[in-house]
>>> print(open('coords-v6.txt').read())   # compact mmCIF, C-alpha atoms
# COMPACT_ATOMS: atom_id res chain seq x y z
CA MET A 1 5.44 -33.98 -34.06
CA LYS A 2 8.93 -34.85 -32.91
CA LYS A 3 11.66 -34.55 -35.50
CA VAL A 4 12.69 -37.32 -37.87
CA LEU A 5 16.08 -38.95 -37.46
CA ILE A 6 17.85 -39.79 -40.69
CA THR A 7 20.74 -42.07 -39.84
CA TYR A 8 23.10 -44.10 -41.94
CA ALA A 9 25.99 -46.52 -42.05
CA THR A 10 28.40 -46.20 -44.95
CA MET A 11 31.47 -47.86 -46.41
CA SER A 12 32.68 -45.11 -48.73
CA GLY A 13 30.23 -42.24 -48.42
CA SER A 14 27.55 -43.27 -50.92
CA THR A 15 24.88 -44.04 -48.31
CA GLN A 16 25.73 -40.80 -46.51
CA GLU A 17 25.16 -38.85 -49.76
CA ILE A 18 21.75 -40.52 -50.14
CA ALA A 19 20.87 -39.74 -46.51
CA GLU A 20 21.84 -36.09 -47.07
CA TYR A 21 19.64 -35.98 -50.17
CA ILE A 22 16.69 -37.45 -48.23
CA HIS A 23 17.31 -34.90 -45.47
CA ARG A 24 17.14 -32.04 -48.02
CA GLU A 25 13.93 -33.44 -49.51
CA LEU A 26 12.24 -33.76 -46.12
CA THR A 27 13.33 -30.37 -44.80
CA SER A 28 12.31 -28.74 -48.10
CA ALA A 29 8.84 -30.16 -47.45
CA GLY A 30 8.85 -28.56 -44.00
CA VAL A 31 9.57 -31.73 -42.00
CA GLU A 32 11.88 -31.17 -39.06
CA ALA A 33 14.68 -33.68 -39.57
CA GLU A 34 18.17 -34.31 -38.27
CA ILE A 35 20.89 -36.38 -39.88
CA GLN A 36 23.64 -38.32 -38.09
CA PRO A 37 25.70 -41.46 -38.69
CA CYS A 38 24.51 -44.56 -36.81
CA ARG A 39 27.69 -44.64 -34.76
CA ALA A 40 26.98 -41.15 -33.37
CA ILE A 41 23.48 -41.91 -32.07
CA ALA A 42 23.36 -42.54 -28.33
CA ASP A 43 19.66 -41.85 -27.70
CA ILE A 44 16.67 -41.73 -30.05
CA SER A 45 14.07 -40.54 -27.53
CA ALA A 46 13.92 -37.08 -29.15
CA TYR A 47 12.69 -38.50 -32.46
CA GLY A 48 9.24 -39.41 -33.67
CA ALA A 49 10.35 -41.41 -36.71
CA VAL A 50 13.54 -42.90 -38.12
CA VAL A 51 14.90 -43.27 -41.65
CA LEU A 52 17.81 -45.72 -41.66
CA GLY A 53 20.19 -46.21 -44.56
CA MET A 54 22.84 -48.89 -44.85
CA PRO A 55 24.58 -50.63 -47.70
CA ILE A 56 24.36 -54.29 -48.58
CA TYR A 57 27.94 -55.48 -48.77
CA MET A 58 29.01 -59.08 -49.29
CA PHE A 59 25.33 -60.11 -49.01
CA LYS A 60 24.95 -58.52 -45.55
CA LEU A 61 23.71 -55.24 -44.14
CA HIS A 62 26.41 -52.94 -42.78
CA LYS A 63 27.30 -53.82 -39.19
CA ASP A 64 26.94 -50.22 -37.93
CA GLY A 65 23.31 -50.19 -39.05
CA LEU A 66 22.66 -53.56 -37.45
CA HIS A 67 24.26 -52.39 -34.19
CA PHE A 68 22.05 -49.27 -34.27
CA LEU A 69 18.98 -51.46 -34.65
CA LYS A 70 20.04 -53.74 -31.81
CA ARG A 71 20.89 -50.85 -29.44
CA ASN A 72 17.57 -49.13 -30.09
CA GLN A 73 15.28 -52.11 -30.65
CA LYS A 74 12.84 -51.34 -27.85
CA GLN A 75 12.26 -47.74 -28.93
CA LEU A 76 12.23 -48.55 -32.63
CA MET A 77 9.42 -51.03 -32.12
CA SER A 78 7.10 -48.12 -31.30
CA LEU A 79 8.30 -45.70 -34.00
CA PRO A 80 7.67 -45.54 -37.73
CA VAL A 81 10.88 -46.71 -39.39
CA ALA A 82 11.78 -46.53 -43.06
CA VAL A 83 14.84 -48.33 -44.42
CA PHE A 84 16.87 -47.71 -47.54
CA ALA A 85 19.76 -49.84 -48.66
CA GLY A 86 22.38 -49.25 -51.29
CA GLY A 87 23.54 -52.11 -53.38
CA ALA A 88 24.05 -52.94 -57.01
CA TYR A 89 26.08 -50.73 -59.32
CA GLY A 90 27.90 -51.04 -62.61
CA ALA A 91 26.98 -52.39 -66.00
CA ASN A 92 24.76 -55.15 -64.55
CA ALA A 93 23.13 -53.01 -61.82
CA GLU A 94 19.59 -53.52 -63.08
CA ALA A 95 19.88 -57.31 -63.24
CA ASP A 96 21.97 -57.50 -60.06
CA SER A 97 19.42 -55.44 -58.13
CA LYS A 98 17.09 -58.46 -58.06
CA GLU A 99 19.72 -60.47 -56.20
CA VAL A 100 20.50 -57.54 -53.91
CA GLN A 101 16.77 -57.17 -53.17
CA ILE A 102 16.65 -60.86 -52.19
CA ASN A 103 19.64 -60.32 -49.89
CA LEU A 104 18.02 -57.22 -48.37
CA ASN A 105 14.75 -59.05 -47.76
CA ALA A 106 16.62 -61.98 -46.16
CA GLU A 107 18.61 -59.67 -43.89
CA LEU A 108 15.51 -57.74 -42.79
CA ALA A 109 13.59 -61.00 -42.22
CA LYS A 110 16.15 -61.91 -39.54
CA LEU A 111 14.95 -58.85 -37.61
CA THR A 112 11.51 -60.26 -36.89
CA TRP A 113 10.66 -57.38 -34.54
CA LEU A 114 11.36 -54.69 -37.18
CA LYS A 115 8.31 -53.70 -39.19
CA PRO A 116 9.43 -50.90 -41.53
CA VAL A 117 6.70 -48.75 -43.03
CA SER A 118 8.79 -48.59 -46.19
CA VAL A 119 11.87 -50.31 -47.60
CA GLN A 120 13.68 -48.91 -50.62
CA LEU A 121 16.57 -50.45 -52.49
CA VAL A 122 18.68 -47.72 -54.03
CA GLY A 123 21.49 -48.22 -56.46
CA GLY A 124 25.05 -48.08 -55.32
CA ARG A 125 28.22 -46.30 -56.20
CA PHE A 126 31.69 -47.74 -56.61
CA ASP A 127 34.79 -45.59 -56.67
CA PRO A 128 38.12 -47.44 -56.55
CA ALA A 129 39.77 -44.29 -55.17
CA ARG A 130 37.64 -44.64 -52.02
CA LEU A 131 38.49 -48.27 -51.26
CA ARG A 132 39.67 -48.92 -47.72
CA PHE A 133 41.85 -51.67 -46.36
CA PRO A 134 41.82 -54.58 -47.16
CA TYR A 135 39.79 -53.98 -50.34
CA ASN A 136 42.34 -51.47 -51.62
CA LEU A 137 44.82 -54.35 -51.89
CA ILE A 138 42.73 -56.31 -54.41
CA PRO A 139 43.97 -55.51 -57.95
CA ALA A 140 40.64 -56.33 -59.62
CA LEU A 141 38.88 -53.77 -57.41
CA LYS A 142 41.63 -51.13 -57.64
CA ASN A 143 41.53 -51.31 -61.44
CA ALA A 144 37.74 -51.43 -61.84
CA PRO A 145 36.02 -48.40 -63.34
CA ALA A 146 34.08 -46.00 -61.16
CA GLU A 147 30.32 -46.58 -61.40
CA ASP A 148 27.22 -44.88 -60.00
CA ALA A 149 23.80 -46.54 -60.31
CA ARG A 150 21.89 -44.30 -57.90
CA ASN A 151 18.66 -42.98 -59.40
CA TRP A 152 18.23 -39.59 -57.76
CA GLU A 153 14.73 -39.03 -59.17
CA GLU A 154 13.56 -42.34 -57.71
CA ILE A 155 15.26 -41.62 -54.38
CA GLY A 156 13.66 -38.17 -54.27
CA ALA A 157 10.20 -39.55 -55.00
CA TRP A 158 10.64 -42.11 -52.21
CA ALA A 159 11.84 -39.42 -49.79
CA ARG A 160 8.84 -37.22 -50.61
CA SER A 161 6.51 -40.16 -49.95
CA LEU A 162 7.89 -40.78 -46.47
CA PRO A 163 5.84 -38.23 -44.49
CA GLY A 164 2.64 -39.92 -45.67
CA GLN A 165 3.96 -43.43 -45.12
CA MET A 166 5.32 -42.58 -41.68
CA GLY A 167 2.23 -40.67 -40.57
CA ILE A 168 4.14 -37.46 -40.04
CA ALA A 169 3.15 -34.08 -41.30
CA ALA A 170 5.08 -30.93 -41.88
CA PRO A 171 3.89 -27.98 -39.80
CA GLU A 172 1.26 -25.82 -41.46
CA ARG A 173 2.86 -22.89 -43.20
CA GLY A 174 1.18 -19.56 -42.75
CA LEU A 175 -0.19 -17.73 -45.74
CA ALA A 176 1.65 -14.57 -46.76
>>> encode(input="coords-v6.txt", output="structure tokens")
Amino acid sequence: MKKVLITYATMSGSTQEIAEYIHRELTSAGVEAEIQPCRAIADISAYGAVVLGMPIYMFKLHKDGLHFLKRNQKQLMSLPVAVFAGGAYGANAEADSKEVQINLNAELAKLTWLKPVSVQLVGGRFDPARLRFPYNLIPALKNAPAEDARNWEEIGAWARSLPGQMGIAAPERGLA
């Protein structure tokens, strides 16, 4: 089995942290996996499966993730692909996640060729200290409290389910 690529697009590091967690879960299970940001991937021919993470921001998937999908469309059509997307956070994260899920489904539906074996909406994180331009100029955002709605147990369970969903198996480990 070729290795699994775990790739991500991120605004402020939250999706990267989730990708790193998924990488640890898969490698702990004996799956050979590599992690890289979407922007750094030039060729996916060395991989047998792809896990792609990208945030939903302003109702849209992150452009780096969409560019990765477009660049690699032909190869991705023949690989098992799993997608996770970060989204809702804060006091209303649970209620807002329904709207974010609708946005995620609508964005993925535009990619008619993409048939992910699994799609997982994960909570998001907001940290006003990590805001970049121009968002760091908006007083309401700068003064908002930091929030983290990522459910690490749920993310871990999803990550551990991926080998089965993607039809990949960890190498047999010898008995001691």
>>> residues_around(input="coords-v6.txt", residues="A:Pro55", least_positions_apart="5", cutoff="8 Å", atoms="only C-alpha atoms", output="CSV table (one decimal) with C-alpha atoms, in the frame of the given file")
chain,number,residue,atom,x,y,z
A,9,ALA,CA,26.0,-46.5,-42.0
A,10,THR,CA,28.4,-46.2,-45.0
A,11,MET,CA,31.5,-47.9,-46.4
A,15,THR,CA,24.9,-44.0,-48.3
A,61,LEU,CA,23.7,-55.2,-44.1
A,62,HIS,CA,26.4,-52.9,-42.8
A,85,ALA,CA,19.8,-49.8,-48.7
A,86,GLY,CA,22.4,-49.2,-51.3
A,87,GLY,CA,23.5,-52.1,-53.4
>>> closest_residue(input="coords-v6.txt", among="A:Phe84, A:Phe59, A:Phe126, A:Tyr47", to="A:Ile168", atoms="only C-alpha atoms")
A:Tyr47
>>> closest_residue(input="coords-v6.txt", among="A:Val100, A:Ile22, A:Leu52, A:Leu114", to="A:Pro37", atoms="all atoms listed in the file")
A:Leu52
>>> closest_residue(input="coords-v6.txt", among="A:Ala33, A:Leu121, A:Leu26, A:Met166", to="A:Lys98", atoms="all atoms listed in the file")
A:Leu121
>>> atom_distance(input="coords-v6.txt", atom1="atom CA of A:Pro80", atom2="atom CA of A:Ala49")
5.0 Å
>>> decode(input="coords-v6.txt", residues="stretch 67-123 of chain A", atoms="C-alpha atoms", output="mmCIF file, in the first residue's frame")
data_model
loop_
_atom_site.group_PDB
_atom_site.id
_atom_site.type_symbol
_atom_site.label_atom_id
_atom_site.label_comp_id
_atom_site.auth_asym_id
_atom_site.auth_seq_id
_atom_site.Cartn_x
_atom_site.Cartn_y
_atom_site.Cartn_z
ATOM 1 C CA HIS A 67 -6.728 24.789 -5.754
ATOM 2 C CA PHE A 68 -5.241 21.480 -4.547
ATOM 3 C CA LEU A 69 -8.368 19.659 -5.692
ATOM 4 C CA LYS A 70 -8.333 21.367 -9.078
ATOM 5 C CA ARG A 71 -4.597 20.732 -9.663
ATOM 6 C CA ASN A 72 -4.918 17.062 -8.782
ATOM 7 C CA GLN A 73 -8.425 16.294 -10.021
ATOM 8 C CA LYS A 74 -7.452 13.554 -12.462
ATOM 9 C CA GLN A 75 -5.423 11.587 -9.918
ATOM 10 C CA LEU A 76 -7.856 12.186 -7.078
ATOM 11 C CA MET A 77 -10.672 10.658 -9.102
ATOM 12 C CA SER A 78 -8.955 7.275 -8.782
ATOM 13 C CA LEU A 79 -7.905 7.536 -5.127
ATOM 14 C CA PRO A 80 -9.844 7.183 -1.896
ATOM 15 C CA VAL A 81 -10.256 10.700 -0.522
ATOM 16 C CA ALA A 82 -11.532 11.721 2.894
ATOM 17 C CA VAL A 83 -12.351 15.342 3.682
ATOM 18 C CA PHE A 84 -12.563 17.155 6.981
ATOM 19 C CA ALA A 85 -13.596 20.748 7.387
ATOM 20 C CA GLY A 86 -13.347 23.067 10.331
ATOM 21 C CA GLY A 87 -16.112 25.481 10.983
ATOM 22 C CA ALA A 88 -18.313 26.563 13.837
ATOM 23 C CA TYR A 89 -16.894 27.640 17.184
ATOM 24 C CA GLY A 90 -17.998 29.661 20.168
ATOM 25 C CA ALA A 91 -21.059 29.658 22.356
ATOM 26 C CA ASN A 92 -23.391 28.710 19.475
ATOM 27 C CA ALA A 93 -21.073 26.134 17.860
ATOM 28 C CA GLU A 94 -23.501 23.246 18.197
ATOM 29 C CA ALA A 95 -26.404 25.124 16.608
ATOM 30 C CA ASP A 96 -24.167 26.846 14.050
ATOM 31 C CA SER A 97 -22.662 23.530 12.968
ATOM 32 C CA LYS A 98 -25.911 22.699 11.150
ATOM 33 C CA GLU A 99 -25.507 25.783 8.964
ATOM 34 C CA VAL A 100 -21.811 25.072 8.462
ATOM 35 C CA GLN A 101 -22.666 21.493 7.439
ATOM 36 C CA ILE A 102 -25.111 22.868 4.844
ATOM 37 C CA ASN A 103 -22.362 25.162 3.524
ATOM 38 C CA LEU A 104 -19.878 22.277 3.418
ATOM 39 C CA ASN A 105 -22.323 20.050 1.552
ATOM 40 C CA ALA A 106 -23.065 22.856 -0.940
ATOM 41 C CA GLU A 107 -19.362 23.503 -1.543
ATOM 42 C CA LEU A 108 -18.590 19.803 -2.058
ATOM 43 C CA ALA A 109 -21.621 19.408 -4.355
ATOM 44 C CA LYS A 110 -19.982 21.902 -6.742
ATOM 45 C CA LEU A 111 -17.160 19.377 -7.161
ATOM 46 C CA THR A 112 -19.292 16.813 -8.962
ATOM 47 C CA TRP A 113 -16.269 14.648 -9.778
ATOM 48 C CA LEU A 114 -15.173 14.343 -6.118
ATOM 49 C CA LYS A 115 -16.620 11.322 -4.351
ATOM 50 C CA PRO A 116 -15.133 11.327 -0.840
ATOM 51 C CA VAL A 117 -15.293 8.071 1.078
ATOM 52 C CA SER A 118 -15.864 10.124 4.213
ATOM 53 C CA VAL A 119 -16.630 13.743 5.081
ATOM 54 C CA GLN A 120 -16.280 15.010 8.632
ATOM 55 C CA LEU A 121 -17.212 18.411 9.972
ATOM 56 C CA VAL A 122 -14.990 19.278 12.899
ATOM 57 C CA GLY A 123 -15.417 22.215 15.195
#
